[in-house]
Amino acid sequence: MSKIHLTKTVKRLAFWNAVVMFGLYFAFIVFTFTITNYIVTDNLDIRLKHEVEHILNSLVVTNDSTLVLNSKELNEPAFSSLGEESFFLQIYDLQGKVFYKSKNMDKLRGFLLGFPNNFNPYYFEDLLFNDMQMRIVYKRVFDDKFKHIGYIQLGAIKSGLNYLTKRILTFNLIILPLVVIIVIGLSIFLARKSYERLNNIIDLAKKISATNLNERLTFDADPNDEIGKLRDTLNTLFDRLEKQIDQISHFTDNASHQLMTPLTTLKTELDYLTKKERTVEEYRESIGIVKDQTERMIRIVKTMLILSRDCKDCSDEKSVFELTNIIENELTPVYKGKNVKFDFNSKVYLRGKSEYFSIVLQNLIDNALKYSDEKEVTVTVETGNEFVHITVSDKGVGIPDNEKDKIFERFYRGSFTQNQAKEGYGLGLSLVYSIVNSMGGKITIKDNVPEGTNFIITLPIVKLS
Ligand code: ADP
């Protein structure tokens, strides 16, 4: 297993893990307080109600509405002491004048503050008095004819709550350092764990790029989950890279091979010329060969340059050339002695670079000859009002329908081509396509009848007024 460092990403995830965990921890504490408070208050309310009932039962209202209290009940220690079990009692008349208070009220000077508006049937409220949580209950007092004559107010210390709150706080303060350590440790552990698989993938991917491109990521993972998807995406990427690197090395092989042939011919010719004095005729012939081979090399190098620049400078809005000039001055001499016929009438002006368009036609004618074993090839120029159609026809093997779209792709070579071991590197047509496209034209393929292929280029004509 690879060692996982605390990288920025791991730290960020660990941080958010910790935030969530601390959040949950504090939410839990708040929840505990709320529940404790609820239970304690509920218990206390029951006690207070119970006690209020007791006190009310011990009240006797005389005929002149004077209250007489059963002193036995109120002499209990709960009404005189100041402690957790104490009750604090005050009875008011309707004017708010206190006419009875328990003995322990003296110890809570300033504690009971007036009375609230709502007394029915019981009214409870919380008060904080000298850091003591108090619970107070209020109730109306009626005489035996149900006449409202006063109010009873009874308080008690929320001792249970104070106690529990202190315990919970103390407990939490003690365990806080432990919680911090656990939360941070757990966050880092979880963050590391989450990236473990990813790190494995990185290691494997590193190995693949460093050693060879045949290897693939092979660990088990569901293709629908993130890791599985990442594995499959990377493997597809490696497939494409492998194919392209293969194609590039193939292309380099081919290109060097293609350059090697004219270079060897050049060397042979130069050797021949320098060995001894030659006749003028011999010099002329050799120089002709040297010129042809140099042109061939220029074409190869140009193709490589255009492709390496992605045909960026193929189009030239400003320059116009005449098509029949190319045919007469460039193509006719190149294909002299070959089975290539040119059929054209009037002059046609096109927008673009003539040397690039010459490459287009030469690639198409070369292919036509190559894939028909040098059978007759015809180049026809048909001029319309706005467009010119240039057709290169051969009587060769033809192109299967399912390959017609693909042959313009870079490095694509037809199945037949590969079976027949025809020389080439699958770039000619992609170059043709790019140049024609950059000139604002299009290229289509039609089967020739009864055999072979027609490549038809359609281009807009430039009208010179
Ligand atoms: P290359 O000729 O180097 O393989 P191209 O890009 O020029 O590359 O052509 C791509 C493929 O198109 C060829 O491999 C071949 O299968 C097919 N192709 C091109 N021209 C012809 C043609 N005239 N007749 C039959 N197939 C052709």
# chains A, B, ... in the order shown; residues from 1 in each chain; ligands from 1
$ residues_near_ligand --ligand "ligand 1" --cutoff "9 Å" --atoms "only C-alpha atoms and all ligand atoms" --output "VMD selection string"
chain A and resid 363 to 372 392 to 400 403 to 404 406 to 418 422 to 432 452 to 455
$ write_last_selection --atoms "N, CA and C atoms" --output "tab-separated table (two decimals), in the first residue's frame"
chain	number	residue	atom	x	y	z
A	363	ASN	N	-1.85	14.05	-54.02
A	363	ASN	CA	-2.20	12.96	-53.09
A	363	ASN	C	-3.31	12.10	-53.67
A	364	LEU	N	-4.34	12.75	-54.25
A	364	LEU	CA	-5.46	11.99	-54.79
A	364	LEU	C	-5.02	11.14	-55.99
A	365	ILE	N	-4.19	11.73	-56.85
A	365	ILE	CA	-3.73	10.97	-58.04
A	365	ILE	C	-2.82	9.83	-57.62
A	366	ASP	N	-1.92	10.10	-56.65
A	366	ASP	CA	-1.02	9.04	-56.16
A	366	ASP	C	-1.82	7.88	-55.59
A	367	ASN	N	-2.84	8.22	-54.78
A	367	ASN	CA	-3.70	7.16	-54.21
A	367	ASN	C	-4.40	6.38	-55.32
A	368	ALA	N	-4.94	7.13	-56.29
A	368	ALA	CA	-5.68	6.49	-57.38
A	368	ALA	C	-4.78	5.49	-58.10
A	369	LEU	N	-3.55	5.90	-58.33
A	369	LEU	CA	-2.62	4.98	-59.02
A	369	LEU	C	-2.26	3.80	-58.11
A	370	LYS	N	-2.00	4.16	-56.81
A	370	LYS	CA	-1.56	3.14	-55.85
A	370	LYS	C	-2.62	2.05	-55.66
A	371	TYR	N	-3.90	2.50	-55.52
A	371	TYR	CA	-4.94	1.50	-55.21
A	371	TYR	C	-5.62	0.93	-56.45
A	372	SER	N	-5.03	1.20	-57.64
A	372	SER	CA	-5.58	0.57	-58.84
A	372	SER	C	-4.47	-0.15	-59.61
A	392	VAL	N	-11.34	13.03	-59.38
A	392	VAL	CA	-10.21	12.13	-59.63
A	392	VAL	C	-10.78	10.71	-59.62
A	393	SER	N	-10.79	10.06	-60.80
A	393	SER	CA	-11.41	8.72	-60.92
A	393	SER	C	-10.35	7.66	-61.16
A	394	ASP	N	-10.56	6.54	-60.51
A	394	ASP	CA	-9.66	5.41	-60.79
A	394	ASP	C	-10.48	4.14	-61.00
A	395	LYS	N	-9.82	3.09	-61.45
A	395	LYS	CA	-10.51	1.82	-61.68
A	395	LYS	C	-9.92	0.77	-60.74
A	396	GLY	N	-9.71	1.20	-59.52
A	396	GLY	CA	-9.03	0.33	-58.56
A	396	GLY	C	-9.96	-0.48	-57.68
A	397	VAL	N	-9.50	-0.71	-56.45
A	397	VAL	CA	-10.20	-1.63	-55.54
A	397	VAL	C	-11.49	-1.04	-54.96
A	398	GLY	N	-11.64	0.28	-55.04
A	398	GLY	CA	-12.84	0.92	-54.46
A	398	GLY	C	-12.73	1.01	-52.94
A	399	ILE	N	-13.68	1.74	-52.34
A	399	ILE	CA	-13.66	1.90	-50.87
A	399	ILE	C	-14.97	1.37	-50.29
A	400	PRO	N	-14.89	0.42	-49.35
A	400	PRO	CA	-16.14	-0.11	-48.75
A	400	PRO	C	-16.94	1.02	-48.09
A	403	GLU	N	-16.12	2.39	-44.69
A	403	GLU	CA	-14.83	3.08	-44.48
A	403	GLU	C	-14.82	4.47	-45.08
A	404	LYS	N	-15.89	4.80	-45.82
A	404	LYS	CA	-15.87	6.07	-46.57
A	404	LYS	C	-15.72	7.30	-45.65
A	406	LYS	N	-14.35	7.18	-42.61
A	406	LYS	CA	-13.15	7.08	-41.75
A	406	LYS	C	-11.86	7.44	-42.47
A	407	ILE	N	-11.84	7.27	-43.78
A	407	ILE	CA	-10.53	7.42	-44.47
A	407	ILE	C	-9.96	8.84	-44.40
A	408	PHE	N	-10.78	9.81	-44.01
A	408	PHE	CA	-10.25	11.18	-43.89
A	408	PHE	C	-9.63	11.42	-42.50
A	409	GLU	N	-9.80	10.44	-41.62
A	409	GLU	CA	-9.22	10.61	-40.28
A	409	GLU	C	-7.72	10.41	-40.35
A	410	ARG	N	-7.03	11.12	-39.46
A	410	ARG	CA	-5.58	10.98	-39.42
A	410	ARG	C	-5.15	9.55	-39.11
A	411	PHE	N	-4.19	9.06	-39.80
A	411	PHE	CA	-3.58	7.75	-39.59
A	411	PHE	C	-4.51	6.58	-39.93
A	412	TYR	N	-5.73	6.89	-40.43
A	412	TYR	CA	-6.60	5.76	-40.76
A	412	TYR	C	-6.14	5.15	-42.08
A	413	ARG	N	-6.03	3.84	-42.07
A	413	ARG	CA	-5.68	3.12	-43.30
A	413	ARG	C	-6.72	2.04	-43.53
A	414	GLY	N	-7.17	1.91	-44.78
A	414	GLY	CA	-8.24	0.96	-45.09
A	414	GLY	C	-7.82	-0.49	-44.86
A	415	SER	N	-8.83	-1.34	-44.63
A	415	SER	CA	-8.53	-2.74	-44.35
A	415	SER	C	-7.81	-3.38	-45.53
A	416	PHE	N	-8.28	-3.06	-46.73
A	416	PHE	CA	-7.67	-3.66	-47.93
A	416	PHE	C	-6.21	-3.25	-48.02
A	417	THR	N	-6.00	-1.93	-47.80
A	417	THR	CA	-4.65	-1.36	-47.87
A	417	THR	C	-3.67	-2.13	-47.00
A	418	GLN	N	-4.15	-2.40	-45.77
A	418	GLN	CA	-3.25	-3.07	-44.83
A	418	GLN	C	-3.00	-4.50	-45.25
A	422	LYS	N	0.16	-2.07	-48.83
A	422	LYS	CA	0.46	-0.89	-49.66
A	422	LYS	C	1.20	0.12	-48.81
A	423	GLU	N	2.19	0.73	-49.40
A	423	GLU	CA	2.97	1.71	-48.64
A	423	GLU	C	2.13	2.95	-48.32
A	424	GLY	N	2.34	3.53	-47.21
A	424	GLY	CA	1.58	4.75	-46.86
A	424	GLY	C	1.53	4.93	-45.36
A	425	TYR	N	1.00	6.07	-44.95
A	425	TYR	CA	0.94	6.30	-43.50
A	425	TYR	C	-0.39	6.90	-43.06
A	426	GLY	N	-1.39	6.79	-43.91
A	426	GLY	CA	-2.75	7.20	-43.51
A	426	GLY	C	-2.91	8.68	-43.26
A	427	LEU	N	-2.06	9.51	-43.89
A	427	LEU	CA	-2.17	10.95	-43.63
A	427	LEU	C	-2.59	11.75	-44.86
A	428	GLY	N	-2.39	11.13	-46.04
A	428	GLY	CA	-2.65	11.86	-47.30
A	428	GLY	C	-4.05	12.45	-47.34
A	429	LEU	N	-5.06	11.63	-47.09
A	429	LEU	CA	-6.44	12.12	-47.22
A	429	LEU	C	-6.81	13.10	-46.12
A	430	SER	N	-6.22	12.92	-44.93
A	430	SER	CA	-6.57	13.88	-43.86
A	430	SER	C	-6.01	15.25	-44.23
A	431	LEU	N	-4.86	15.25	-44.90
A	431	LEU	CA	-4.28	16.51	-45.37
A	431	LEU	C	-5.16	17.12	-46.46
A	432	VAL	N	-5.60	16.26	-47.39
A	432	VAL	CA	-6.48	16.70	-48.48
A	432	VAL	C	-7.73	17.36	-47.89
A	452	GLY	N	-13.76	0.86	-58.91
A	452	GLY	CA	-12.90	1.99	-58.58
A	452	GLY	C	-13.63	3.08	-57.80
A	453	THR	N	-12.93	4.22	-57.68
A	453	THR	CA	-13.44	5.29	-56.82
A	453	THR	C	-13.38	6.64	-57.53
A	454	ASN	N	-14.36	7.51	-57.20
A	454	ASN	CA	-14.31	8.91	-57.64
A	454	ASN	C	-14.19	9.78	-56.40
A	455	PHE	N	-13.15	10.61	-56.35
A	455	PHE	CA	-13.05	11.64	-55.31
A	455	PHE	C	-13.47	12.95	-55.97
$ residues_around --residues "Lys97 (chain A)" --least-positions-apart "6" --cutoff "10 Å" --atoms "only C-alpha atoms" --output "VMD selection string"
chain A and resid 90 to 91 114 150 to 151
$ residues_around --residues "region 267-276 of chain A" --least-positions-apart "2" --cutoff "9 Å" --atoms "only C-alpha atoms" --output "ChimeraX atom specification"
/A:262-265,278,282-283,286-287,289-290
$ write_last_selection --atoms "C-alpha atoms" --output "CSV table (one decimal), in the first residue's frame"
chain,number,residue,atom,x,y,z
A,262,PRO,CA,14.8,10.1,-52.8
A,263,LEU,CA,17.9,10.7,-50.7
A,264,THR,CA,19.5,7.4,-51.7
A,265,THR,CA,18.6,8.2,-55.4
A,278,ARG,CA,30.2,12.9,-68.1
A,282,GLU,CA,24.3,12.5,-69.1
A,283,TYR,CA,24.5,15.6,-66.9
A,286,SER,CA,21.1,13.2,-63.9
A,287,ILE,CA,20.1,16.8,-63.0
A,289,ILE,CA,16.5,13.0,-61.7
A,290,VAL,CA,18.0,15.1,-58.9
$ atom_distance --atom1 "CA of Asn104 (chain A)" --atom2 "CA of Leu154 (chain A)"
11.9 Å
$ closest_residue --among "A:Glu73, A:Glu53, A:Ser58, A:His257" --to "Pro121 (chain A)" --atoms "only C-alpha atoms"
A:Glu53
$ residues_around --residues "Thr332 (chain A)" --least-positions-apart "3" --cutoff "12 Å" --atoms "only C-alpha atoms" --output "MDAnalysis selection string"
chainID A and resid 324:329 335:343 358 361:362 365 379
$ closest_residue --among "A:Val141, A:Ile248, A:Cys311, A:Ile390" --to "Ser438 (chain A)" --atoms "only C-alpha atoms"
A:Cys311
$ residues_around --residues "Glu322 (chain A)" --least-positions-apart "2" --cutoff "9 Å" --atoms "only C-alpha atoms" --output "PyMOL selection string"
chain A and resi 320+324-326+347-351+354
$ write_last_selection --atoms "all heavy atoms" --output "compact mmCIF listing (two decimals), in the first residue's frame"
# COMPACT_ATOMS: atom_id res chain seq x y z
N VAL A 320 -4.96 34.21 -54.97
CA VAL A 320 -5.83 33.51 -55.93
C VAL A 320 -4.90 32.81 -56.92
O VAL A 320 -3.85 33.34 -57.27
CB VAL A 320 -6.73 34.53 -56.66
CG1 VAL A 320 -7.47 33.88 -57.81
CG2 VAL A 320 -7.72 35.16 -55.69
N THR A 324 -5.81 25.50 -63.94
CA THR A 324 -5.20 24.79 -65.09
C THR A 324 -3.69 25.01 -65.16
O THR A 324 -2.97 24.18 -65.70
CB THR A 324 -5.87 25.22 -66.42
OG1 THR A 324 -5.83 26.65 -66.50
CG2 THR A 324 -7.31 24.75 -66.48
N ASN A 325 -3.23 26.11 -64.54
CA ASN A 325 -1.77 26.33 -64.46
C ASN A 325 -1.11 25.20 -63.69
O ASN A 325 -0.04 24.71 -64.06
CB ASN A 325 -1.48 27.62 -63.69
CG ASN A 325 -1.37 28.79 -64.63
OD1 ASN A 325 -1.21 28.58 -65.83
ND2 ASN A 325 -1.45 30.00 -64.09
N ILE A 326 -1.74 24.83 -62.57
CA ILE A 326 -1.17 23.74 -61.75
C ILE A 326 -1.13 22.47 -62.59
O ILE A 326 -0.13 21.75 -62.60
CB ILE A 326 -2.02 23.51 -60.48
CG1 ILE A 326 -2.04 24.76 -59.61
CG2 ILE A 326 -1.51 22.32 -59.70
CD1 ILE A 326 -2.80 24.58 -58.31
N LYS A 347 -10.20 28.29 -68.05
CA LYS A 347 -9.42 28.63 -66.86
C LYS A 347 -10.35 28.78 -65.65
O LYS A 347 -11.47 29.27 -65.79
CB LYS A 347 -8.71 29.97 -67.07
CG LYS A 347 -7.54 29.87 -68.04
CD LYS A 347 -6.87 31.22 -68.15
CE LYS A 347 -5.67 31.20 -69.07
NZ LYS A 347 -4.55 30.38 -68.64
N VAL A 348 -9.87 28.37 -64.49
CA VAL A 348 -10.68 28.50 -63.26
C VAL A 348 -9.81 29.13 -62.17
O VAL A 348 -8.69 28.65 -61.92
CB VAL A 348 -11.16 27.13 -62.75
CG1 VAL A 348 -12.06 27.31 -61.54
CG2 VAL A 348 -11.85 26.35 -63.81
N TYR A 349 -10.33 30.20 -61.56
CA TYR A 349 -9.56 30.85 -60.48
C TYR A 349 -10.11 30.42 -59.13
O TYR A 349 -11.32 30.42 -58.89
CB TYR A 349 -9.62 32.36 -60.64
CG TYR A 349 -8.88 32.82 -61.86
CD1 TYR A 349 -9.56 33.02 -63.07
CD2 TYR A 349 -7.50 33.03 -61.83
CE1 TYR A 349 -8.88 33.41 -64.21
CE2 TYR A 349 -6.82 33.42 -62.98
CZ TYR A 349 -7.51 33.61 -64.15
OH TYR A 349 -6.83 33.98 -65.28
N LEU A 350 -9.18 30.04 -58.26
CA LEU A 350 -9.60 29.59 -56.92
C LEU A 350 -8.84 30.39 -55.87
O LEU A 350 -7.72 30.84 -56.11
CB LEU A 350 -9.30 28.09 -56.74
CG LEU A 350 -9.96 27.14 -57.73
CD1 LEU A 350 -9.42 25.74 -57.55
CD2 LEU A 350 -11.47 27.14 -57.51
N ARG A 351 -9.48 30.49 -54.67
CA ARG A 351 -8.84 31.22 -53.58
C ARG A 351 -8.04 30.24 -52.71
O ARG A 351 -8.57 29.19 -52.34
CB ARG A 351 -9.89 31.91 -52.72
CG ARG A 351 -9.35 33.10 -51.95
CD ARG A 351 -10.44 33.84 -51.22
NE ARG A 351 -11.38 34.51 -52.11
CZ ARG A 351 -11.12 35.65 -52.75
NH1 ARG A 351 -9.95 36.24 -52.59
NH2 ARG A 351 -12.02 36.19 -53.55
N SER A 354 -1.62 27.92 -54.09
CA SER A 354 -1.53 26.96 -55.20
C SER A 354 -0.66 25.75 -54.83
O SER A 354 -0.96 24.63 -55.19
CB SER A 354 -1.00 27.63 -56.45
OG SER A 354 0.37 27.87 -56.32
$ atom_distance --atom1 "CA of Gly228 (chain A)" --atom2 "CA of Asn200 (chain A)"
12.8 Å
$ closest_residue --among "A:Tyr356, A:Phe321, A:Phe146, A:Phe238" --to "Leu464 (chain A)" --atoms "only C-alpha atoms"
A:Phe321
$ atom_distance --atom1 "CA of Ser80 (chain A)" --atom2 "CA of Ser102 (chain A)"
6.6 Å
$ select_by_dssp --residues "region 300-455 of chain A" --states "strand (DSSP E or B)" --output "PyMOL selection string"
chain A and resi 320-322+340-343+349-351+377-383+387-393+442-447+453-455
$ residues_around --residues "Gly155 (chain A)" --least-positions-apart "2" --cutoff "6 Å" --atoms "only C-alpha atoms" --output "PyMOL selection string"
chain A and resi 87-88+135-136
$ residues_around --residues "Tyr122 (chain A)" --least-positions-apart "4" --cutoff "7 Å" --atoms "only C-alpha atoms" --output "list in words"
Val137, Tyr138 and Lys139 of chain A
